[in-house]
Structures are given as C-alpha cells and as structure tokens.
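Dropping start.txt in here (compact mmCIF, C-alpha atoms):
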```txt
# COMPACT_ATOMS: atom_id res chain seq x y z
CA MET A 10 175.56 131.45 111.76
CA GLN A 11 178.85 129.66 111.30
CA ASN A 12 181.37 131.63 113.33
CA PHE A 13 181.80 134.07 116.19
CA HIS A 14 182.20 137.10 113.92
CA GLU A 15 178.78 136.44 112.44
CA LEU A 16 177.34 136.53 115.96
CA ILE A 17 178.82 139.99 116.51
CA GLN A 18 177.42 141.13 113.19
CA GLY A 19 174.10 139.68 114.23
CA PHE A 20 174.15 141.83 117.36
CA HIS A 21 174.79 144.98 115.31
CA ASN A 22 171.88 144.04 113.05
CA PHE A 23 169.69 143.54 116.11
CA LYS A 24 170.67 146.92 117.50
CA GLU A 25 169.92 148.76 114.26
CA ASP A 26 166.80 146.87 113.22
CA TYR A 27 165.23 146.20 116.60
CA PHE A 28 166.79 147.93 119.62
CA LEU A 29 166.99 151.45 118.22
CA ARG A 30 163.55 151.22 116.62
CA GLU A 31 161.94 150.18 119.92
CA ARG A 32 164.14 152.09 122.32
CA GLU A 33 161.28 152.96 124.68
CA PHE A 34 160.40 149.28 125.06
CA PHE A 35 163.99 148.30 125.83
CA ASP A 36 164.39 151.22 128.24
CA GLN A 37 161.53 149.73 130.25
CA LEU A 38 163.31 146.37 130.42
CA VAL A 39 166.34 148.03 132.03
CA HIS A 40 164.33 148.55 135.22
CA GLY A 41 163.52 144.87 135.79
CA GLN A 42 161.80 141.80 134.47
CA ARG A 43 158.23 140.75 135.16
CA PRO A 44 157.58 137.61 133.12
CA LYS A 45 154.47 135.62 133.98
CA THR A 46 155.65 132.38 132.38
CA LEU A 47 158.65 130.15 132.94
CA VAL A 48 159.50 127.74 130.12
CA ILE A 49 161.66 124.67 130.64
CA ALA A 50 162.84 123.63 127.18
CA CYS A 51 165.42 121.37 125.62
CA CYS A 52 168.87 122.75 124.77
CA ASP A 53 168.35 121.81 121.11
CA SER A 54 169.35 124.72 118.83
CA ARG A 55 166.31 124.11 116.63
CA VAL A 56 163.82 124.64 119.45
CA ASP A 57 163.86 128.23 120.66
CA PRO A 58 160.83 128.73 122.95
CA ALA A 59 160.67 132.51 122.49
CA ILE A 60 160.52 132.18 118.70
CA LEU A 61 158.16 129.19 118.69
CA LEU A 62 155.76 130.87 121.10
CA GLY A 63 155.96 134.31 119.49
CA CYS A 64 157.35 136.13 122.52
CA ARG A 65 159.29 139.34 122.96
CA PRO A 66 162.23 139.99 125.32
CA GLY A 67 160.95 140.00 128.88
CA ASP A 68 157.96 137.72 128.20
CA LEU A 69 159.55 134.42 129.21
CA PHE A 70 161.90 133.26 131.93
CA VAL A 71 163.65 130.38 130.17
CA VAL A 72 165.45 127.35 131.58
CA ARG A 73 167.01 124.85 129.17
CA SER A 74 168.27 121.35 129.84
CA ILE A 75 168.90 118.22 127.80
CA ALA A 76 165.49 116.77 126.89
CA ALA A 77 163.84 119.43 129.10
CA ILE A 78 164.40 117.14 132.07
CA VAL A 79 163.77 118.40 135.60
CA PRO A 80 165.12 116.22 138.44
CA ASP A 81 162.82 115.50 141.37
CA VAL A 82 163.59 116.76 144.84
CA GLU A 83 165.45 113.57 145.81
CA LYS A 84 167.70 113.51 142.73
CA ALA A 85 168.53 117.21 142.41
CA GLY A 86 172.15 117.85 143.25
CA LYS A 87 173.52 120.47 145.64
CA HIS A 88 174.38 122.73 142.71
CA ASP A 89 171.53 122.00 140.32
CA ALA A 90 171.26 124.78 137.73
CA VAL A 91 167.81 123.76 136.50
CA VAL A 92 166.13 123.68 139.90
CA SER A 93 167.86 126.86 141.09
CA ALA A 94 166.55 128.73 138.04
CA VAL A 95 163.04 127.39 138.61
CA GLU A 96 163.23 128.38 142.27
CA TYR A 97 164.25 131.91 141.31
CA GLY A 98 161.38 132.18 138.86
CA VAL A 99 158.81 130.93 141.34
CA LYS A 100 160.00 132.66 144.51
CA HIS A 101 161.42 135.93 143.20
CA LEU A 102 159.63 136.59 139.91
CA HIS A 103 156.32 135.13 141.12
CA ILE A 104 155.80 133.18 137.92
CA GLU A 105 152.18 132.22 137.27
CA ASN A 106 152.79 129.49 134.68
CA ILE A 107 155.47 126.85 134.23
CA VAL A 108 155.63 125.22 130.80
CA VAL A 109 157.71 122.13 130.09
CA MET A 110 158.28 121.84 126.33
CA GLY A 111 159.68 118.74 124.68
CA HIS A 112 160.09 118.11 120.97
CA SER A 113 160.49 115.51 118.24
CA ASN A 114 163.88 114.25 117.04
CA CYS A 115 165.36 114.93 120.48
CA GLY A 116 169.04 114.00 120.75
CA GLY A 117 168.77 113.53 124.48
CA ILE A 118 165.99 110.98 124.16
CA HIS A 119 167.98 109.27 121.41
CA GLY A 120 170.78 108.88 123.96
CA LEU A 121 168.29 107.47 126.46
CA LEU A 122 167.10 104.91 123.90
CA HIS A 123 170.64 104.14 122.73
CA PRO A 124 172.82 104.40 125.85
CA GLU A 125 175.86 103.06 123.99
CA THR A 126 176.07 106.42 122.16
CA VAL A 127 176.71 108.29 125.42
CA ALA A 128 178.35 105.53 127.47
CA ASN A 129 181.67 107.41 127.63
CA GLU A 130 180.09 110.78 128.38
CA LEU A 131 179.76 110.88 132.16
CA TYR A 132 177.63 113.96 132.64
CA ILE A 133 175.25 113.29 129.74
CA SER A 134 174.66 109.68 130.70
CA ARG A 135 174.08 110.61 134.35
CA TRP A 136 171.57 113.27 133.33
CA LEU A 137 169.67 110.92 131.04
CA CYS A 138 169.42 108.37 133.85
CA LEU A 139 166.82 110.71 135.33
CA ALA A 140 164.45 109.67 132.53
CA HIS A 141 165.03 105.91 132.88
CA PRO A 142 161.65 105.42 134.60
CA VAL A 143 159.91 106.67 131.44
CA LEU A 144 161.72 104.17 129.27
CA ALA A 145 161.22 101.32 131.76
CA GLU A 146 157.47 101.92 131.82
CA LEU A 147 157.21 101.91 128.02
CA GLU A 148 159.24 98.71 127.75
CA HIS A 149 156.97 97.09 130.31
CA GLU A 150 153.85 98.13 128.38
CA ASP A 151 155.06 97.01 124.92
CA PRO A 152 158.64 95.74 124.51
CA LYS A 153 158.13 95.24 120.76
CA GLU A 154 156.90 98.76 120.04
CA PRO A 155 158.30 100.24 116.75
CA ALA A 156 161.36 102.45 117.28
CA SER A 157 159.76 105.62 115.90
CA ILE A 158 156.71 105.28 118.15
CA ARG A 159 158.92 104.43 121.14
CA ALA A 160 160.97 107.60 120.56
CA ARG A 161 157.88 109.78 120.33
CA ARG A 162 156.37 108.31 123.47
CA CYS A 163 159.67 108.73 125.33
CA GLU A 164 159.87 112.38 124.28
CA GLU A 165 156.34 113.01 125.46
CA GLY A 166 156.79 110.89 128.59
CA SER A 167 159.88 112.83 129.60
CA VAL A 168 157.86 116.04 129.54
CA LEU A 169 155.18 114.54 131.77
CA MET A 170 157.83 113.14 134.11
CA SER A 171 159.30 116.62 134.49
CA ILE A 172 155.85 117.98 135.35
CA ASP A 173 155.49 115.32 138.06
CA ASN A 174 159.00 116.05 139.31
CA LEU A 175 158.21 119.76 139.64
CA LEU A 176 155.38 118.83 142.00
CA SER A 177 157.86 117.04 144.28
CA TYR A 178 159.05 120.48 145.48
CA ASP A 179 156.76 121.76 148.21
CA TRP A 180 157.25 125.40 147.16
CA ILE A 181 155.81 124.51 143.76
CA LYS A 182 153.06 122.12 144.87
CA SER A 183 151.74 124.54 147.50
CA ARG A 184 151.33 127.24 144.86
CA VAL A 185 149.64 124.83 142.48
CA ASP A 186 147.26 123.77 145.25
CA GLU A 187 146.52 127.44 145.96
CA SER A 188 145.86 128.06 142.23
CA THR A 189 148.54 130.75 142.06
CA LEU A 190 150.69 128.62 139.76
CA GLU A 191 149.76 126.40 136.81
CA LEU A 192 151.84 123.70 135.12
CA HIS A 193 151.56 122.98 131.40
CA ALA A 194 153.08 120.34 129.09
CA LEU A 195 153.88 121.07 125.43
CA TYR A 196 155.34 118.93 122.66
CA TYR A 197 156.67 120.50 119.46
CA ASP A 198 156.56 118.31 116.35
CA MET A 199 159.24 119.70 114.04
CA ALA A 200 158.26 117.65 111.00
CA ASN A 201 154.62 118.72 111.08
CA GLY A 202 155.17 122.18 112.52
CA THR A 203 152.60 121.59 115.26
CA MET A 204 152.58 122.46 118.93
CA ASN A 205 150.76 119.88 121.01
CA VAL A 206 149.29 120.44 124.46
CA TRP A 207 148.74 117.75 127.10
CA ASN A 208 145.05 117.13 127.69
CA ALA A 209 144.78 115.52 131.12
CA ALA A 210 141.16 114.50 130.57
CA LYS A 211 142.04 112.57 127.41
CA GLU A 212 145.49 111.56 128.70
CA ASP A 213 147.07 112.54 125.40
CA PHE A 214 148.83 115.39 123.62
CA GLU A 215 146.64 117.17 121.06
CA PRO A 216 147.27 120.06 118.65
CA ALA A 217 147.08 123.44 120.33
CA THR A 218 144.08 125.54 119.30
CA ILE A 219 143.36 129.25 119.73
CA LYS A 220 140.42 129.88 122.02
```
Let's see the structure in the file written out as structure tokens.
Amino acid sequence: MQNFHELIQGFHNFKEDYFLREREFFDQLVHGQRPKTLVIACCDSRVDPAILLGCRPGDLFVVRSIAAIVPDVEKAGKHDAVVSAVEYGVKHLHIENIVVMGHSNCGGIHGLLHPETVANELYISRWLCLAHPVLAELEHEDPKEPASIRARRCEEGSVLMSIDNLLSYDWIKSRVDESTLELHALYYDMANGTMNVWNAAKEDFEPATIK
C-alpha cells in the first residue's frame, strides 16, 4: 500500500471480506483478550509475526522493537515501551510463552555492524548499543569472519541476548523456574522462507519441524 487512502480502503475490504463473515468470532474478541503467547519481533515491515505464524486476531500479544531487542533490567529506562508491554503480557494476560523472533537482512543489525550509518540518529544508535555485547563477542571469536556470516550470527545472537535479558527480570525468571512460562527463540530466513528454532542442546538454530 502506497498511501493513507489505500489503508482506509484496506479496512473496508477487511470489514466486508473478514469481519462481517466472521462476526461471531469478532464479537467474542470484544469481551477481552486471552492470548497464550507473546511475540517480541522486529519492527521490519516484511516480518509480520501473525502472518508468518499463521495466527488470527487475539492469538498473539505482539511487541515490536528494532532488531527485536529487549533491554536487561539494568539498562531498561524509566519509560521503556518494550519492557512495559512484556510486563503487561506476563502479569495481566498470564502469557504462557514468550517468543523472540529475529530475521535475516535486518536493518537494525546492519546499523550495529555499520555504526557510521546511524551515527547522527541519537535514539537508533542508543538502542543498538544494547546489542554491542553480541558484536564484541563475535569479533573476539573471529575478527576476520566474512561479512555475510557475521551479519547472520549477529542477527541470531541478538535474539539469544534478548532471551537472556528477559531472564534478568525476576517476575519472568520466577515463572520460568516454576514452569508456568517458557521462552523460545526463532529466526526467520527471508531468502529461504524458513523459520528456525533455537535448539539449546545443539547450541544452534535449526529449521522448525511439525511434531
């Protein structure tokens, strides 16, 4: 869609083709939301978690941030939108799963790898600083790593960092320890059209399979 008027037309199409045909379903949503899964995804317009994961309205509680980054408890600001949304999902909606989903060709990670491209953009550069530990670790492991591999590993590493950062909040960790909340890491490869899941035992992302 190229302009605002097309968005309005899109809403009318939605109402005729979807809302009115499933009126009973949408009437149920009026009375409240009961999603079981919270997804933290990148802001990228190409990566819509509800579409990629085949979900309907009401299935997911979605939080989006550049590169799907979640700050840890020490770096979260007083007015942090990401953490406040996660807190609402966990404490008020009683979410049972939190999914952090990164993706290939991420503009945020590109800015992390090429800080000169965002040097004059205060808020973006500050946000990407949260992922500096990921980049520092990769540079320590192999400073001569090819750029394409470095980007992929940074994208994946940022997801895992966000998972670790979520556990820095006691109201998340306590629920994980009690097995009332599970954390999951996903990586969407746009070029190959694959969704990859973190396998802790193998310490690697692998293509998702249907059990």
Using all atoms listed in the file, what does the table of stretch 56-102 of chain A residues within 10 Å of stretch 199-216 of chain A look like, with each row giving the shortest atom pair and its distance in Å to one decimal, sorted by chain and ascending number, as JSON lines?
```
{"residue": "A:Val56", "atom": "CA", "partner": "A:Met199", "partner_atom": "CA", "distance": 8.6}
{"residue": "A:Leu61", "atom": "CA", "partner": "A:Met204", "partner_atom": "CA", "distance": 8.7}
{"residue": "A:Leu62", "atom": "CA", "partner": "A:Met204", "partner_atom": "CA", "distance": 9.2}
```
Name the closest residue to A:Leu122 among the candidates A:Ile49, A:Leu190, A:Cys138, A:Ile17; distances are taken between atoms, counting all atoms listed in the file. A:Cys138
I'd like the contact shell of A:Thr46 - 9 Å cut-off, only C-alpha atoms, skipping same-chain residues fewer than 2 positions apart - returned as a PyMOL selection string. chain A and resi 44+48+68-71+98+104-108
Those selected residues, please, written with C-alpha atoms and delivered as a short mmCIF file (atom, residue, chain, number, x, y, z; two decimals), in the coordinates of the input.
```
data_model
loop_
_atom_site.label_atom_id
_atom_site.label_comp_id
_atom_site.auth_asym_id
_atom_site.auth_seq_id
_atom_site.Cartn_x
_atom_site.Cartn_y
_atom_site.Cartn_z
CA PRO A 44 157.58 137.61 133.12
CA VAL A 48 159.50 127.74 130.12
CA ASP A 68 157.96 137.72 128.20
CA LEU A 69 159.55 134.42 129.21
CA PHE A 70 161.90 133.26 131.93
CA VAL A 71 163.65 130.38 130.17
CA GLY A 98 161.38 132.18 138.86
CA ILE A 104 155.80 133.18 137.92
CA GLU A 105 152.18 132.22 137.27
CA ASN A 106 152.79 129.49 134.68
CA ILE A 107 155.47 126.85 134.23
CA VAL A 108 155.63 125.22 130.80
#
```
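Interatomic distance, atom CA of A:Leu137 to atom CA of A:Pro80: 10.2 Å.
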In Å to one decimal, how far is atom CA of A:Asn22 from atom CA of A:Leu38?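 Separating atom CA of A:Leu38 from atom CA of A:Asn22 is a distance of 19.5 Å.
The smallest atom-to-atom distance between A:Ile118 and any of A:Asp173, A:Asp89, A:Asp186, A:Glu164, using all atoms listed in the file, is found for A:Glu164.
The smallest atom-to-atom distance between A:Asn114 and any of A:Ile219, A:Leu175, A:Cys163, A:Ile181, using all atoms listed in the file, is found for A:Cys163.
Pairwise distance (atom CA of A:Ile78, atom CA of A:Leu147) equals 17.3 Å.
Using only C-alpha atoms, the nearest neighbour of A:Ala140 within the list A:Ala128, A:Ser183, A:Ile75, A:Leu195 is A:Ile75.
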The residue from A:His193, A:Arg161, A:Arg73, A:His141 with the smallest atom-to-atom distance to A:Cys52, counting only C-alpha atoms, is A:Arg73
Considering only C-alpha atoms, return as a ChimeraX atom specification whatever protein or nucleic-acid residues lie within 12 Å of A:Glu146, sequence-local ones (same chain, fewer than 6 positions apart) excluded. /A:140,152,159,162-163,166-167,170
Which one of A:Ser54, A:Glu96, A:Leu47, A:Phe20 sits closest to A:Tyr178 if you count all atoms listed in the file?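 The answer is A:Glu96, which sits nearest to A:Tyr178.
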Box along x, y and z, 3 Å on every side, all listed atoms of stretch 57-61 of chain A inside: centre and edge lengths in Å to one decimal, as AutoDock Vina command-line options.
```
--center_x 161.0 --center_y 130.4 --center_z 120.8 --size_x 11.7 --size_y 10.3 --size_z 10.3
```
